[in-house]
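A.B. asks: Below is a structure I'd like to ask you about.
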Amino acid sequence: MHTKKAAAVALAAALGVTSLAACSTEDLREAAGKSGEPVPKTVTLVSHDSFNASEEVLAEFTKQTGLTVKVLKAGDAGEAVNKEILTKGSPQGDVFFGVDNTLLSRAVDNGIFETYEAKGLDRVPDTFELDERVTPIDTGDICVNYDKKYFADRKLAPPQSFDDLAKPEYKDLLVVENPERSSPGLGFLLGTIAKYGDDGWQDYWSKLKANGVKTVDSWELAYNQEFSGSAGGKEAKGDRPLVVSYASSPPVEVLYAEPQPKEAPTGVSTGTCFRQIEFAGLLKGAKNPEGGKALIDFLVSKKFQEDMPLQMFVNPVAEDAVLPELFTRHGVVVEKPETMAPEKIAEKREAWIQQWSSLLK
């Protein structure tokens, strides 16, 4: 997902004050006292580069627990997960945030998480709870975004489906992320596999290749440098009016524009979407496990859940969280995103990525 700055050039609440389910300072002192260790002053959150939260919201966590959150950003989601696997048992931090349903099996099968049931999880629909070792935090849809001005100037209708992307009128217009390195890229690949099946997706990608699809390593490169519809794209003179991003990308183009336009300059091709769920987990071998548990509780709290839409441009999973008006007005609701069972992703992900890589070379 997006950092606030990255979202500003890329891609939506009142922040309800609520009592937190996190551990109190006294709870943490008691836990530390029993272990004979000094009372910790920080808890370290390891995440992808797109994690962001309001200073006042993190300050609320500190007020409740006495702990300061240290955020350690470790690259794209796939890169960050791989780093934790390599340091299994001696993790870089206490909590990992940002592993999604496309990468979940890789993380849990490698045993990097301790099982923990977060306080407040009863406010989250069961459909988001895919594994007891991790806690669902947010959800979003990976979709193709389009530059409205580009298509309006040419009186060309923007594509609205996977099939459309392979049509001649959209030749050399699409940029996607490499699924070997990028979470959105992997989500888009899985969306095409869900759409066309095990026997049809490779033929579909052959058509995209023949139609001039461009592949780059990260979302930041694709959206900020290659895409013509983002602020970053304009600065870098990006010339691709179609990019794999998120259904929640358009609100950011409004939020950070000066002056703010009445309508988002980018749109979403709603027939190209794949549903993503992001999780947080307590890292095995964490130096401050009690603080880690408190932080996971906080990530599910109404306070943090309502902060996320305008920080990382994702949807909260808590049913009592309220979305900001800008997010609902300029964002897109995807009624029927493509989905895939985590078990199938776990079984075939690596083979699919290898096959994709061979196809696109």
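Ligands are numbered from 1 in the order shown, residues from 1 within each chain, and chains are lettered A, B, ... in the order they appear in the structure tokens.
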If you run DSSP on the backbone, which residues of region 90-186 of chain A are strand (DSSP E or B), as number ranges by chain?
C.D. replies: A: 95-100, 113-114, 135-147, 161, 174-177
A.B. asks: For C-alpha atoms, I'd like the residues from the last selection saved as a PDB file, in the first residue's frame.
C.D. replies:
ATOM      1  CA  VAL A  95       5.510  -6.874  15.071  1.00  0.00           C
ATOM      2  CA  PHE A  96       5.350  -7.252  11.314  1.00  0.00           C
ATOM      3  CA  PHE A  97       2.671  -5.314   9.449  1.00  0.00           C
ATOM      4  CA  GLY A  98       1.885  -5.630   5.751  1.00  0.00           C
ATOM      5  CA  VAL A  99       1.952  -9.300   4.824  1.00  0.00           C
ATOM      6  CA  ASP A 100      -1.101  -9.829   2.600  1.00  0.00           C
ATOM      7  CA  PHE A 113       4.949 -15.512  13.686  1.00  0.00           C
ATOM      8  CA  GLU A 114       3.748 -16.423  17.176  1.00  0.00           C
ATOM      9  CA  THR A 135      -4.497 -10.344  12.626  1.00  0.00           C
ATOM     10  CA  PRO A 136      -6.333  -8.720   9.690  1.00  0.00           C
ATOM     11  CA  ILE A 137      -5.796  -4.948   9.637  1.00  0.00           C
ATOM     12  CA  ASP A 138      -6.978  -3.560   6.297  1.00  0.00           C
ATOM     13  CA  THR A 139      -8.338  -4.487   2.914  1.00  0.00           C
ATOM     14  CA  GLY A 140      -8.269  -3.010  -0.573  1.00  0.00           C
ATOM     15  CA  ASP A 141      -8.585  -3.824  -4.243  1.00  0.00           C
ATOM     16  CA  ILE A 142      -5.687  -3.966  -6.689  1.00  0.00           C
ATOM     17  CA  CYS A 143      -6.987  -2.594  -9.997  1.00  0.00           C
ATOM     18  CA  VAL A 144      -5.883  -0.900 -13.193  1.00  0.00           C
ATOM     19  CA  ASN A 145      -6.109   2.909 -12.882  1.00  0.00           C
ATOM     20  CA  TYR A 146      -6.428   5.215 -15.888  1.00  0.00           C
ATOM     21  CA  ASP A 147      -5.573   8.804 -16.735  1.00  0.00           C
ATOM     22  CA  SER A 161     -12.054  -5.342 -18.047  1.00  0.00           C
ATOM     23  CA  LEU A 174      -0.280  -0.361 -19.718  1.00  0.00           C
ATOM     24  CA  VAL A 175       2.466  -0.581 -17.088  1.00  0.00           C
ATOM     25  CA  VAL A 176       2.401  -3.334 -14.446  1.00  0.00           C
ATOM     26  CA  GLU A 177       4.618  -4.342 -11.531  1.00  0.00           C
TER      27      GLU A 177
END
A.B. asks: Find the residues around Lys287 (chain A) up to 12 Å (only C-alpha atoms counted), leave out those fewer than 3 positions away in its own chain, and share them as a ChimeraX atom specification.
C.D. replies: /A:32,35,37-45,89-95,282-284,290-293
A.B. asks: If you run DSSP over the backbone, which residues in region 30-180 of chain A end up alpha helix (DSSP H)? Put them as an MDAnalysis selection string.
C.D. replies: chainID A and resid 30:35 55:65 77:86 104:109 148:153 162:165
A.B. asks: Neighbours of Phe51 (chain A) within 12 Å (only C-alpha atoms; same-chain residues fewer than 2 positions away dropped), as number ranges by chain?
C.D. replies: A: 1-7, 45-49, 53-54, 70-77, 80, 96-99, 137-138, 278, 280, 299, 307-314
A.B. asks: Residues within 12 Å of Asp122 (chain A), please, as a list in words. Count only C-alpha atoms; anything in the same chain fewer than 2 positions from it doesn't count.
C.D. replies: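 That gives Ala21, Glu117, Ala118, Lys119, Gly120, Val124, Pro125, Asp126, Thr127, Phe128, Glu129, Thr135, Pro136, Asp297, Val300, Ser301, Val317, Ala318, Glu319 and Asp320 of chain A.
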A.B. asks: Can you pull out the residues contacting Val213 (chain A)? Cut-off 10 Å, using only C-alpha atoms, and skip same-chain residues under 3 positions away; I want them as a compact mmCIF listing (two decimals) with C-alpha atoms, in the first residue's frame.
C.D. replies:
# COMPACT_ATOMS: atom_id res chain seq x y z
CA LEU A 165 -6.47 -4.49 -21.86
CA ALA A 166 -5.45 -6.87 -24.64
CA TYR A 170 -4.78 0.01 -25.78
CA LYS A 171 -1.45 -1.08 -27.25
CA ASP A 172 1.62 0.28 -25.39
CA LEU A 173 -0.53 1.97 -22.74
CA LEU A 174 -0.28 -0.36 -19.72
CA VAL A 175 2.47 -0.58 -17.09
CA VAL A 176 2.40 -3.33 -14.45
CA TRP A 205 -0.39 -12.68 -20.71
CA SER A 206 1.00 -13.57 -24.12
CA LYS A 207 -1.64 -11.25 -25.55
CA LEU A 208 -0.68 -8.49 -23.11
CA LYS A 209 2.97 -8.91 -24.08
CA ALA A 210 2.08 -8.64 -27.76
CA ARG A 240 1.61 5.22 -19.80
CA LEU A 242 -2.84 2.72 -17.58
CA VAL A 243 -1.21 1.39 -14.40
CA LEU A 360 7.55 -11.95 -20.15
A.B. asks: Which is closer to Glu338 (chain A) than all the others in A:Gly238, A:Gly271, A:Pro159, A:Pro259, using only C-alpha atoms?
C.D. replies: A:Gly271
A.B. asks: Mind checking which residues fall within 12 Å of Lys348 (chain A), counting only C-alpha atoms, ignoring those fewer than 2 positions away in the same chain, and posting them as a PDB file with C-alpha atoms, in the first residue's frame?
C.D. replies:
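Once everything was written out, this is selection-v4.pdb:
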ATOM      1  CA  THR A 102      -0.888 -13.261  -1.591  1.00  0.00           C
ATOM      2  CA  LEU A 103       2.209 -13.741   0.601  1.00  0.00           C
ATOM      3  CA  SER A 105       1.500 -18.693   3.342  1.00  0.00           C
ATOM      4  CA  ARG A 106       5.151 -17.888   2.663  1.00  0.00           C
ATOM      5  CA  LEU A 190      -3.473 -13.619  -9.378  1.00  0.00           C
ATOM      6  CA  ILE A 193      -5.341 -16.350 -13.081  1.00  0.00           C
ATOM      7  CA  ASP A 198      -5.014 -22.433 -14.869  1.00  0.00           C
ATOM      8  CA  MET A 340      -8.568 -16.790  -4.672  1.00  0.00           C
ATOM      9  CA  ALA A 341      -8.348 -19.244  -1.789  1.00  0.00           C
ATOM     10  CA  PRO A 342      -5.130 -18.777   0.228  1.00  0.00           C
ATOM     11  CA  GLU A 343      -4.510 -22.536  -0.030  1.00  0.00           C
ATOM     12  CA  LYS A 344      -4.391 -22.353  -3.804  1.00  0.00           C
ATOM     13  CA  ILE A 345      -2.103 -19.319  -3.712  1.00  0.00           C
ATOM     14  CA  ALA A 346       0.203 -21.187  -1.334  1.00  0.00           C
ATOM     15  CA  GLU A 350       5.935 -19.813  -6.912  1.00  0.00           C
ATOM     16  CA  ALA A 351       5.263 -21.904 -10.025  1.00  0.00           C
ATOM     17  CA  TRP A 352       2.972 -19.201 -11.415  1.00  0.00           C
ATOM     18  CA  ILE A 353       5.606 -16.526 -10.843  1.00  0.00           C
ATOM     19  CA  GLN A 354       8.244 -18.627 -12.605  1.00  0.00           C
ATOM     20  CA  GLN A 355       5.889 -19.233 -15.539  1.00  0.00           C
TER      21      GLN A 355
END
A.B. asks: CA of Phe162 (chain A) and CA of Glu335 (chain A), how far apart in Å?
C.D. replies: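 Rounded to one decimal, the two atoms are 15.7 Å apart.
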A.B. asks: Rank A:Cys273, A:Val332, A:Leu221, A:Val134 by their smallest atom-to-atom distance to Pro250 (chain A), using only C-alpha atoms, and report the top residue only.
C.D. replies: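 Of A:Cys273, A:Val332, A:Leu221, A:Val134, the one nearest Pro250 (chain A), counting only C-alpha atoms, is A:Val332.
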A.B. asks: Can you list, as a list in words, every protein, DNA or RNA residue that comes within 7 Å of Gly78 (chain A) when you count only C-alpha atoms, leaving out same-chain residues fewer than 2 positions away?
C.D. replies: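 Near Gly78 (chain A), the qualifying residues are Asp76, Ala80, Val81, Asn82, Arg181, Ser182 and Ser183 of chain A.
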A.B. asks: Considering only C-alpha atoms, state which residue in the set A:Lys148, A:Lys303, A:Arg329, A:Thr339 is at the smallest distance from Val268 (chain A).
C.D. replies: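 Answer, going by the shortest atom-to-atom distance: A:Lys148.
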A.B. asks: Please determine, counting only C-alpha atoms, which residue among A:Asp203, A:Asp109, A:Glu226, A:Glu306 has the shortest atom-to-atom distance to Trp356 (chain A).
C.D. replies: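 Closest candidate: A:Asp203.
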